[in-house]
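**Q** Below is the file upload_34.pdb, with PDB, C-alpha atoms, pLDDT in the B column.
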ATOM      1  CA  MET U   1       0.886  27.181  -7.466  1.00 84.00           C
ATOM      2  CA  PRO U   2      -2.128  24.960  -6.763  1.00 92.00           C
ATOM      3  CA  ARG U   3      -2.463  24.005  -3.126  1.00 96.00           C
ATOM      4  CA  GLY U   4      -5.224  21.917  -1.642  1.00 97.00           C
ATOM      5  CA  ARG U   5      -6.440  18.625  -0.236  1.00 98.00           C
ATOM      6  CA  TYR U   6      -7.467  15.298  -1.706  1.00 98.00           C
ATOM      7  CA  SER U   7      -9.336  12.585   0.165  1.00 98.00           C
ATOM      8  CA  LEU U   8      -8.261   9.042  -0.695  1.00 97.00           C
ATOM      9  CA  HIS U   9     -10.550   6.054  -0.243  1.00 96.00           C
ATOM     10  CA  ASP U  10     -10.804   2.434  -1.316  1.00 92.00           C
ATOM     11  CA  PRO U  11     -12.400   2.583  -4.787  1.00 89.00           C
ATOM     12  CA  HIS U  12     -14.374  -0.618  -4.123  1.00 88.00           C
ATOM     13  CA  ASP U  13     -15.901  -0.202  -0.663  1.00 93.00           C
ATOM     14  CA  HIS U  14     -15.149   3.530  -0.133  1.00 91.00           C
ATOM     15  CA  THR U  15     -13.290   2.967   3.131  1.00 95.00           C
ATOM     16  CA  PRO U  16     -11.411   6.210   3.947  1.00 95.00           C
ATOM     17  CA  LEU U  17      -7.658   5.741   3.605  1.00 95.00           C
ATOM     18  CA  ALA U  18      -6.050   9.151   4.030  1.00 96.00           C
ATOM     19  CA  GLU U  19      -6.127  12.845   3.315  1.00 98.00           C
ATOM     20  CA  GLU U  20      -3.372  14.206   1.099  1.00 98.00           C
ATOM     21  CA  HIS U  21      -2.416  17.870   1.570  1.00 98.00           C
ATOM     22  CA  PHE U  22      -0.499  18.975  -1.498  1.00 98.00           C
ATOM     23  CA  HIS U  23       1.068  21.777  -3.433  1.00 97.00           C
ATOM     24  CA  CYS U  24       2.516  21.598  -6.921  1.00 97.00           C
ATOM     25  CA  ALA U  25       3.881  23.904  -9.584  1.00 93.00           C
ATOM     26  CA  PRO U  26       5.534  23.889 -12.989  1.00 91.00           C
ATOM     27  CA  GLY U  27       9.069  25.256 -13.075  1.00 79.00           C
ATOM     28  CA  PRO U  28      11.894  25.906 -15.520  1.00 77.00           C
ATOM     29  CA  SER U  29      12.911  22.240 -15.505  1.00 82.00           C
ATOM     30  CA  GLY U  30       9.465  20.594 -15.411  1.00 92.00           C
ATOM     31  CA  TRP U  31       6.968  20.084 -12.577  1.00 96.00           C
ATOM     32  CA  ARG U  32       7.122  19.271  -8.875  1.00 96.00           C
ATOM     33  CA  TYR U  33       4.513  17.879  -6.483  1.00 97.00           C
ATOM     34  CA  VAL U  34       4.904  17.687  -2.696  1.00 98.00           C
ATOM     35  CA  SER U  35       2.366  16.307  -0.248  1.00 98.00           C
ATOM     36  CA  GLN U  36       1.828  15.038   3.278  1.00 98.00           C
ATOM     37  CA  LEU U  37      -0.651  12.266   4.078  1.00 97.00           C
ATOM     38  CA  THR U  38      -2.800  12.033   7.188  1.00 97.00           C
ATOM     39  CA  ALA U  39      -4.564   8.812   8.226  1.00 95.00           C
ATOM     40  CA  PRO U  40      -8.249   8.872   9.301  1.00 95.00           C
ATOM     41  CA  SER U  41      -6.977   8.656  12.902  1.00 95.00           C
ATOM     42  CA  GLY U  42      -5.156  11.954  12.393  1.00 94.00           C
ATOM     43  CA  ASP U  43      -1.698  10.359  12.472  1.00 95.00           C
ATOM     44  CA  HIS U  44       0.948  11.183   9.896  1.00 95.00           C
ATOM     45  CA  ALA U  45       0.756   8.479   7.204  1.00 94.00           C
ATOM     46  CA  GLY U  46       3.500   9.372   4.746  1.00 95.00           C
ATOM     47  CA  SER U  47       4.653  11.826   2.113  1.00 97.00           C
ATOM     48  CA  VAL U  48       5.217  12.219  -1.611  1.00 98.00           C
ATOM     49  CA  ASP U  49       7.872  14.289  -3.385  1.00 97.00           C
ATOM     50  CA  LEU U  50       7.857  13.911  -7.173  1.00 97.00           C
ATOM     51  CA  ALA U  51       9.777  15.996  -9.710  1.00 97.00           C
ATOM     52  CA  LEU U  52       9.411  15.660 -13.489  1.00 96.00           C
ATOM     53  CA  ASP U  53      11.617  17.010 -16.240  1.00 95.00           C
ATOM     54  CA  GLU U  54      10.176  19.016 -19.136  1.00 93.00           C
ATOM     55  CA  LEU U  55       9.373  15.787 -21.002  1.00 94.00           C
ATOM     56  CA  GLY U  56       7.404  14.362 -18.067  1.00 94.00           C
ATOM     57  CA  ARG U  57      10.043  11.842 -16.977  1.00 96.00           C
ATOM     58  CA  PRO U  58      10.535  11.320 -13.220  1.00 97.00           C
ATOM     59  CA  ILE U  59      13.884  12.864 -12.325  1.00 96.00           C
ATOM     60  CA  ARG U  60      13.292  12.390  -8.586  1.00 97.00           C
ATOM     61  CA  LEU U  61      10.786  10.457  -6.513  1.00 98.00           C
ATOM     62  CA  GLU U  62      10.746  10.126  -2.750  1.00 97.00           C
ATOM     63  CA  LEU U  63       7.941   8.244  -1.009  1.00 97.00           C
ATOM     64  CA  HIS U  64       7.412   7.566   2.684  1.00 96.00           C
ATOM     65  CA  ALA U  65       4.733   5.235   4.104  1.00 95.00           C
ATOM     66  CA  ALA U  66       4.570   3.220   7.316  1.00 86.00           C
ATOM     67  CA  SER U  67       8.273   3.992   7.931  1.00 90.00           C
ATOM     68  CA  TRP U  68       9.198   2.507   4.538  1.00 95.00           C
ATOM     69  CA  GLN U  69      10.993   4.729   2.052  1.00 96.00           C
ATOM     70  CA  VAL U  70      11.477   4.675  -1.707  1.00 97.00           C
ATOM     71  CA  ARG U  71      13.781   6.886  -3.734  1.00 97.00           C
ATOM     72  CA  GLY U  72      13.659   6.582  -7.498  1.00 98.00           C
ATOM     73  CA  ALA U  73      14.328   8.204 -10.862  1.00 97.00           C
ATOM     74  CA  ALA U  74      14.244   7.523 -14.584  1.00 96.00           C
ATOM     75  CA  LEU U  75      17.531   5.708 -15.164  1.00 94.00           C
ATOM     76  CA  GLU U  76      17.882   2.814 -17.626  1.00 92.00           C
ATOM     77  CA  GLY U  77      14.095   2.619 -17.542  1.00 95.00           C
ATOM     78  CA  VAL U  78      13.289   3.384 -13.929  1.00 98.00           C
ATOM     79  CA  THR U  79      15.490   2.626 -10.945  1.00 98.00           C
ATOM     80  CA  TRP U  80      14.668   2.802  -7.248  1.00 98.00           C
ATOM     81  CA  VAL U  81      15.968   1.988  -3.772  1.00 97.00           C
ATOM     82  CA  ARG U  82      13.502   0.744  -1.133  1.00 97.00           C
ATOM     83  CA  THR U  83      14.525   0.970   2.522  1.00 96.00           C
ATOM     84  CA  ASP U  84      12.848  -0.911   5.387  1.00 90.00           C
ATOM     85  CA  PRO U  85      11.584   0.789   8.586  1.00 88.00           C
ATOM     86  CA  THR U  86      14.740  -0.101  10.541  1.00 85.00           C
ATOM     87  CA  GLY U  87      16.944   1.529   7.903  1.00 83.00           C
ATOM     88  CA  THR U  88      19.255  -1.462   7.907  1.00 87.00           C
ATOM     89  CA  GLU U  89      18.278  -3.029   4.605  1.00 88.00           C
ATOM     90  CA  ALA U  90      17.988  -1.284   1.248  1.00 94.00           C
ATOM     91  CA  THR U  91      16.905  -3.112  -1.884  1.00 95.00           C
ATOM     92  CA  GLU U  92      17.623  -1.695  -5.329  1.00 97.00           C
ATOM     93  CA  GLY U  93      15.257  -2.341  -8.208  1.00 97.00           C
ATOM     94  CA  ASN U  94      15.167  -1.591 -11.914  1.00 97.00           C
ATOM     95  CA  ALA U  95      12.528  -2.137 -14.591  1.00 97.00           C
ATOM     96  CA  HIS U  96      12.189  -1.351 -18.276  1.00 97.00           C
ATOM     97  CA  ALA U  97       9.268   0.973 -17.576  1.00 97.00           C
ATOM     98  CA  HIS U  98       8.365   4.539 -18.499  1.00 97.00           C
ATOM     99  CA  ALA U  99       7.557   5.964 -15.060  1.00 98.00           C
ATOM    100  CA  PHE U 100       6.217   5.313 -11.561  1.00 98.00           C
ATOM    101  CA  THR U 101       2.683   5.153 -10.187  1.00 97.00           C
ATOM    102  CA  GLY U 102       0.920   4.684  -6.848  1.00 96.00           C
ATOM    103  CA  THR U 103      -2.063   5.869  -4.857  1.00 95.00           C
ATOM    104  CA  SER U 104      -1.151   9.573  -4.931  1.00 97.00           C
ATOM    105  CA  PRO U 105      -3.007  11.755  -7.453  1.00 98.00           C
ATOM    106  CA  ALA U 106       0.430  13.075  -8.451  1.00 98.00           C
ATOM    107  CA  PHE U 107       1.065   9.958 -10.497  1.00 98.00           C
ATOM    108  CA  LEU U 108      -2.030  10.475 -12.661  1.00 98.00           C
ATOM    109  CA  VAL U 109      -0.884  13.988 -13.533  1.00 97.00           C
ATOM    110  CA  ALA U 110       2.639  12.680 -14.167  1.00 97.00           C
ATOM    111  CA  THR U 111       1.479   9.912 -16.528  1.00 98.00           C
ATOM    112  CA  ALA U 112      -0.729  12.296 -18.475  1.00 97.00           C
ATOM    113  CA  ARG U 113       2.173  14.736 -18.707  1.00 96.00           C
ATOM    114  CA  LEU U 114       4.495  11.987 -19.938  1.00 96.00           C
ATOM    115  CA  LEU U 115       2.092  10.770 -22.648  1.00 96.00           C
ATOM    116  CA  ARG U 116       0.930  14.202 -23.885  1.00 94.00           C
ATOM    117  CA  LEU U 117      -2.089  12.736 -25.636  1.00 95.00           C
ATOM    118  CA  THR U 118      -4.421  14.584 -27.977  1.00 92.00           C
ATOM    119  CA  PRO U 119      -8.170  13.925 -28.066  1.00 92.00           C
ATOM    120  CA  SER U 120      -8.755  10.864 -30.236  1.00 83.00           C
ATOM    121  CA  GLY U 121     -10.096   7.345 -30.112  1.00 69.00           C
ATOM    122  CA  SER U 122      -6.664   5.744 -30.043  1.00 88.00           C
ATOM    123  CA  ALA U 123      -5.028   4.518 -26.844  1.00 94.00           C
ATOM    124  CA  THR U 124      -1.352   4.585 -25.875  1.00 97.00           C
ATOM    125  CA  ARG U 125       0.264   1.799 -23.891  1.00 97.00           C
ATOM    126  CA  VAL U 126       2.506   2.642 -20.945  1.00 98.00           C
ATOM    127  CA  ARG U 127       4.476   0.457 -18.528  1.00 98.00           C
ATOM    128  CA  LEU U 128       4.657   1.694 -14.942  1.00 98.00           C
ATOM    129  CA  VAL U 129       6.174   0.571 -11.657  1.00 98.00           C
ATOM    130  CA  ALA U 130       3.567   0.885  -8.908  1.00 98.00           C
ATOM    131  CA  PHE U 131       4.485   1.192  -5.244  1.00 97.00           C
ATOM    132  CA  THR U 132       1.611  -0.323  -3.288  1.00 92.00           C
ATOM    133  CA  ASP U 133       0.609   0.636   0.239  1.00 86.00           C
ATOM    134  CA  PRO U 134       1.270   0.137   3.046  1.00 87.00           C
ATOM    135  CA  VAL U 135       4.863  -1.063   2.558  1.00 93.00           C
ATOM    136  CA  LEU U 136       5.636   0.485  -0.869  1.00 96.00           C
ATOM    137  CA  ALA U 137       6.087  -2.915  -2.521  1.00 96.00           C
ATOM    138  CA  PRO U 138       7.040  -2.497  -6.211  1.00 97.00           C
ATOM    139  CA  ARG U 139       4.940  -4.054  -8.964  1.00 97.00           C
ATOM    140  CA  THR U 140       5.298  -3.579 -12.718  1.00 97.00           C
ATOM    141  CA  LEU U 141       2.049  -3.082 -14.609  1.00 97.00           C
ATOM    142  CA  ASP U 142       0.842  -2.129 -18.081  1.00 98.00           C
ATOM    143  CA  GLN U 143      -1.923   0.366 -18.790  1.00 98.00           C
ATOM    144  CA  SER U 144      -3.400   2.002 -21.845  1.00 98.00           C
ATOM    145  CA  TRP U 145      -4.436   5.646 -21.771  1.00 98.00           C
ATOM    146  CA  ALA U 146      -6.764   7.426 -24.178  1.00 97.00           C
ATOM    147  CA  LEU U 147      -7.763  11.104 -24.056  1.00 97.00           C
ATOM    148  CA  VAL U 148     -11.430  10.816 -24.950  1.00 96.00           C
ATOM    149  CA  SER U 149     -12.490  14.466 -24.592  1.00 95.00           C
ATOM    150  CA  ARG U 150     -11.261  17.962 -23.805  1.00 94.00           C
ATOM    151  CA  GLU U 151     -13.845  20.473 -22.661  1.00 94.00           C
ATOM    152  CA  THR U 152     -13.622  24.119 -21.631  1.00 91.00           C
ATOM    153  CA  HIS U 153     -15.755  25.308 -18.721  1.00 87.00           C
ATOM    154  CA  ALA U 154     -16.319  28.952 -17.792  1.00 85.00           C
ATOM    155  CA  THR U 155     -15.391  29.847 -14.202  1.00 81.00           C
ATOM    156  CA  ASP U 156     -14.959  33.034 -12.162  1.00 78.00           C
ATOM    157  CA  ASN U 157     -11.195  32.694 -12.654  1.00 75.00           C
ATOM    158  CA  GLY U 158     -11.391  32.240 -16.422  1.00 78.00           C
ATOM    159  CA  PRO U 159     -11.779  29.177 -18.639  1.00 84.00           C
ATOM    160  CA  LEU U 160     -11.055  25.769 -17.089  1.00 88.00           C
ATOM    161  CA  ILE U 161      -9.911  23.051 -19.499  1.00 92.00           C
ATOM    162  CA  VAL U 162     -10.884  19.561 -18.365  1.00 95.00           C
ATOM    163  CA  ASP U 163      -9.350  16.454 -19.951  1.00 96.00           C
ATOM    164  CA  ALA U 164     -11.195  13.149 -19.625  1.00 97.00           C
ATOM    165  CA  TYR U 165      -9.049  10.026 -19.946  1.00 97.00           C
ATOM    166  CA  GLN U 166      -9.996   6.387 -20.179  1.00 97.00           C
ATOM    167  CA  VAL U 167      -7.424   4.213 -18.407  1.00 97.00           C
ATOM    168  CA  THR U 168      -7.376   0.461 -18.944  1.00 97.00           C
ATOM    169  CA  ALA U 169      -5.460  -2.074 -16.844  1.00 96.00           C
ATOM    170  CA  LEU U 170      -4.111  -4.421 -19.499  1.00 96.00           C
ATOM    171  CA  ASP U 171      -3.792  -7.410 -17.160  1.00 93.00           C
ATOM    172  CA  THR U 172      -7.474  -7.390 -16.144  1.00 93.00           C
ATOM    173  CA  GLY U 173      -9.186  -5.254 -18.773  1.00 94.00           C
ATOM    174  CA  GLU U 174     -10.682  -3.078 -16.032  1.00 95.00           C
ATOM    175  CA  GLN U 175     -11.384   0.464 -17.213  1.00 96.00           C
ATOM    176  CA  HIS U 176     -11.870   3.693 -15.312  1.00 96.00           C
ATOM    177  CA  ALA U 177     -12.142   7.402 -16.015  1.00 97.00           C
ATOM    178  CA  VAL U 178      -9.706  10.084 -14.888  1.00 98.00           C
ATOM    179  CA  HIS U 179     -10.538  13.801 -15.130  1.00 98.00           C
ATOM    180  CA  LEU U 180      -7.671  16.291 -14.987  1.00 97.00           C
ATOM    181  CA  SER U 181      -7.393  20.029 -15.280  1.00 96.00           C
ATOM    182  CA  GLY U 182      -3.795  21.078 -15.730  1.00 94.00           C
ATOM    183  CA  ASP U 183      -1.900  19.629 -12.770  1.00 96.00           C
ATOM    184  CA  VAL U 184      -4.938  18.890 -10.587  1.00 97.00           C
ATOM    185  CA  VAL U 185      -6.998  15.680 -10.490  1.00 97.00           C
ATOM    186  CA  LEU U 186     -10.688  16.593 -10.486  1.00 96.00           C
ATOM    187  CA  ALA U 187     -12.002  13.028 -10.246  1.00 96.00           C
ATOM    188  CA  ALA U 188     -10.599   9.497 -10.370  1.00 97.00           C
ATOM    189  CA  PRO U 189     -11.324   6.163  -8.644  1.00 96.00           C
ATOM    190  CA  GLY U 190     -10.468   6.455  -4.965  1.00 96.00           C
ATOM    191  CA  ILE U 191      -9.652  10.172  -5.237  1.00 97.00           C
ATOM    192  CA  GLU U 192     -11.770  13.225  -4.458  1.00 97.00           C
ATOM    193  CA  LEU U 193     -10.594  16.822  -4.621  1.00 97.00           C
ATOM    194  CA  GLU U 194     -11.906  18.311  -1.384  1.00 97.00           C
ATOM    195  CA  HIS U 195     -10.306  21.758  -1.433  1.00 96.00           C
ATOM    196  CA  LEU U 196      -8.302  23.878  -3.871  1.00 95.00           C
ATOM    197  CA  GLU U 197      -6.919  27.281  -2.941  1.00 93.00           C
ATOM    198  CA  SER U 198      -5.854  28.415  -6.417  1.00 89.00           C
ATOM    199  CA  PRO U 199      -6.587  27.393 -10.019  1.00 89.00           C
ATOM    200  CA  PRO U 200      -4.672  24.522 -11.621  1.00 93.00           C
ATOM    201  CA  SER U 201      -1.475  25.330 -13.454  1.00 92.00           C
ATOM    202  CA  ALA U 202      -1.660  25.042 -17.229  1.00 82.00           C
ATOM    203  CA  PHE U 203       1.167  23.129 -18.860  1.00 75.00           C
ATOM    204  CA  ALA U 204       2.713  24.776 -21.907  1.00 63.00           C
TER
END
Could you render the structure as structure tokens?

**A**
Amino acid sequence: MPRGRYSLHDPHDHTPLAEEHFHCAPGPSGWRYVSQLTAPSGDHAGSVDLALDELGRPIRLELHAASWQVRGAALEGVTWVRTDPTGTEATEGNAHAHAFTGTSPAFLVATARLLRLTPSGSATRVRLVAFTDPVLAPRTLDQSWALVSRETHATDNGPLIVDAYQVTALDTGEQHAVHLSGDVVLAAPGIELEHLESPPSAFA
């Protein structure tokens, strides 16, 4: 069960946004990721609880940020309920999308798990619903993902397989690289792995 800490920052000006303390693990029904976020001031900034089924589909998502809350799942595309800080108003949403995304590294692992790409030059298109900070506002976006390389690195704990993806935002054409090892993000825009207590889990 990997457990550790990511630091999140603005990918453009590198302003620190939060630290995300996480643990995650594959299970008999898929994969689960749980984290708590801490703002640079030290205040609690939110949480993430994401569970995937064995095919990589989100069977449960619960996000908290700035007293806003989102609960979602894969249902007729993806469906979610967003609740305001007072708890008096809840808005339901639905989109013909494959999965969710957001600032948490969990969503990069989840998208890679959903697509199950093999190293090649071809890209796969995916439609995602992003929940943007600080109020978890939903936005539907299209990306293409390509697994450009898979390398094995020797470590003290055995071989470490690192997948390098090229992710393209189809609305702007902006491209960036994402490096994953199992269920841990090693590097991505705005994300740095600061501490890891145990090796990443390898998906079957």

**Q** Which residues come within 8 Å of range 164-169 of chain U, counting all atoms listed in the file, excluding same-chain residues fewer than 3 positions away, as a PyMOL selection string?

**A** chain U and resi 141-150+172-180

**Q** Could you tell me which residues the PyMOL selection byres ((chain U and resi 128) around 9) returns for this structure, as a ChimeraX atom specification?

**A** /U:78,95-101,111,126-127,129-130,139-143

**Q** Once you have the residues from the selection above, write them out as a CSV table (one decimal), keeping the file's coordinate frame, restricted to C-alpha atoms.

**A**
chain,number,residue,atom,x,y,z
U,78,VAL,CA,13.3,3.4,-13.9
U,95,ALA,CA,12.5,-2.1,-14.6
U,96,HIS,CA,12.2,-1.4,-18.3
U,97,ALA,CA,9.3,1.0,-17.6
U,98,HIS,CA,8.4,4.5,-18.5
U,99,ALA,CA,7.6,6.0,-15.1
U,100,PHE,CA,6.2,5.3,-11.6
U,101,THR,CA,2.7,5.2,-10.2
U,111,THR,CA,1.5,9.9,-16.5
U,126,VAL,CA,2.5,2.6,-20.9
U,127,ARG,CA,4.5,0.5,-18.5
U,129,VAL,CA,6.2,0.6,-11.7
U,130,ALA,CA,3.6,0.9,-8.9
U,139,ARG,CA,4.9,-4.1,-9.0
U,140,THR,CA,5.3,-3.6,-12.7
U,141,LEU,CA,2.0,-3.1,-14.6
U,142,ASP,CA,0.8,-2.1,-18.1
U,143,GLN,CA,-1.9,0.4,-18.8

**Q** Check which residues satisfy the PyMOL selection byres ((chain U and resi 16) around 12) in the file shown, then give them as an MDAnalysis selection string.

**A** chainID U and resid 6:15 17:20 38:42 190:192

**Q** Identify the residues around (1.6, 21.7, -8.4) within a radius of 12 Å, measuring from all atoms listed in the file in the coordinates stated by the file, and give them as a ChimeraX atom specification.

**A** /U:1-5,21-27,30-35,49-52,105-107,109-110,181-185,196-203

**Q** Taking 3 positions as the minimum chain separation for residues in the same chain, which residues sit within 6 Å of Gly56 in chain U when counting all atoms listed in the file? Answer as an MDAnalysis selection string.

**A** chainID U and resid 52:53 113:114

**Q** Run the PyMOL selection byres ((chain U and resi 83) around 10) against the file shown and list the residues it catches, as a PyMOL selection string.

**A** chain U and resi 64+67-71+80-82+84-92+135-136

**Q** Selected residues, C-alpha atoms, written as a PDB file, in the frame of the given file, please.

**A**
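Contents of result37.pdb, freshly written:
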ATOM      1  CA  HIS U  64       7.412   7.566   2.684  1.00 96.00           C
ATOM      2  CA  SER U  67       8.273   3.992   7.931  1.00 90.00           C
ATOM      3  CA  TRP U  68       9.198   2.507   4.538  1.00 95.00           C
ATOM      4  CA  GLN U  69      10.993   4.729   2.052  1.00 96.00           C
ATOM      5  CA  VAL U  70      11.477   4.675  -1.707  1.00 97.00           C
ATOM      6  CA  ARG U  71      13.781   6.886  -3.734  1.00 97.00           C
ATOM      7  CA  TRP U  80      14.668   2.802  -7.248  1.00 98.00           C
ATOM      8  CA  VAL U  81      15.968   1.988  -3.772  1.00 97.00           C
ATOM      9  CA  ARG U  82      13.502   0.744  -1.133  1.00 97.00           C
ATOM     10  CA  ASP U  84      12.848  -0.911   5.387  1.00 90.00           C
ATOM     11  CA  PRO U  85      11.584   0.789   8.586  1.00 88.00           C
ATOM     12  CA  THR U  86      14.740  -0.101  10.541  1.00 85.00           C
ATOM     13  CA  GLY U  87      16.944   1.529   7.903  1.00 83.00           C
ATOM     14  CA  THR U  88      19.255  -1.462   7.907  1.00 87.00           C
ATOM     15  CA  GLU U  89      18.278  -3.029   4.605  1.00 88.00           C
ATOM     16  CA  ALA U  90      17.988  -1.284   1.248  1.00 94.00           C
ATOM     17  CA  THR U  91      16.905  -3.112  -1.884  1.00 95.00           C
ATOM     18  CA  GLU U  92      17.623  -1.695  -5.329  1.00 97.00           C
ATOM     19  CA  VAL U 135       4.863  -1.063   2.558  1.00 93.00           C
ATOM     20  CA  LEU U 136       5.636   0.485  -0.869  1.00 96.00           C
TER      21      LEU U 136
END

**Q** As a short mmCIF file (atom, residue, chain, number, x, y, z; two decimals), keeping the file's coordinate frame, please: range 143-154 of chain U completed to N, CA, C and O atoms.

**A**
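Once written, selection-v6.cif looks like this:
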data_model
loop_
_atom_site.label_atom_id
_atom_site.label_comp_id
_atom_site.auth_asym_id
_atom_site.auth_seq_id
_atom_site.Cartn_x
_atom_site.Cartn_y
_atom_site.Cartn_z
N GLN U 143 -0.65 -0.31 -18.62
CA GLN U 143 -1.92 0.37 -18.79
C GLN U 143 -2.01 0.92 -20.21
O GLN U 143 -0.99 1.10 -20.88
N SER U 144 -3.23 1.19 -20.64
CA SER U 144 -3.40 2.00 -21.84
C SER U 144 -4.20 3.24 -21.46
O SER U 144 -5.13 3.17 -20.66
N TRP U 145 -3.80 4.36 -22.04
CA TRP U 145 -4.44 5.65 -21.77
C TRP U 145 -4.96 6.22 -23.08
O TRP U 145 -4.26 6.19 -24.10
N ALA U 146 -6.19 6.72 -23.04
CA ALA U 146 -6.76 7.43 -24.18
C ALA U 146 -7.40 8.72 -23.69
O ALA U 146 -8.11 8.72 -22.67
N LEU U 147 -7.13 9.82 -24.38
CA LEU U 147 -7.76 11.10 -24.06
C LEU U 147 -9.05 11.18 -24.88
O LEU U 147 -9.02 11.39 -26.09
N VAL U 148 -10.17 10.96 -24.21
CA VAL U 148 -11.43 10.82 -24.95
C VAL U 148 -12.12 12.16 -25.19
O VAL U 148 -12.90 12.29 -26.14
N SER U 149 -11.86 13.16 -24.35
CA SER U 149 -12.49 14.47 -24.59
C SER U 149 -11.70 15.56 -23.90
O SER U 149 -10.98 15.31 -22.92
N ARG U 150 -11.84 16.76 -24.42
CA ARG U 150 -11.26 17.96 -23.80
C ARG U 150 -12.32 19.05 -23.88
O ARG U 150 -12.72 19.46 -24.96
N GLU U 151 -12.77 19.49 -22.71
CA GLU U 151 -13.84 20.47 -22.66
C GLU U 151 -13.39 21.71 -21.90
O GLU U 151 -12.59 21.62 -20.97
N THR U 152 -13.93 22.85 -22.29
CA THR U 152 -13.62 24.12 -21.63
C THR U 152 -14.85 24.59 -20.87
O THR U 152 -15.95 24.67 -21.44
N HIS U 153 -14.66 24.86 -19.58
CA HIS U 153 -15.76 25.31 -18.72
C HIS U 153 -15.46 26.73 -18.24
O HIS U 153 -14.33 27.04 -17.84
N ALA U 154 -16.48 27.58 -18.27
CA ALA U 154 -16.32 28.95 -17.79
C ALA U 154 -16.36 28.97 -16.27
O ALA U 154 -17.21 28.32 -15.65
#
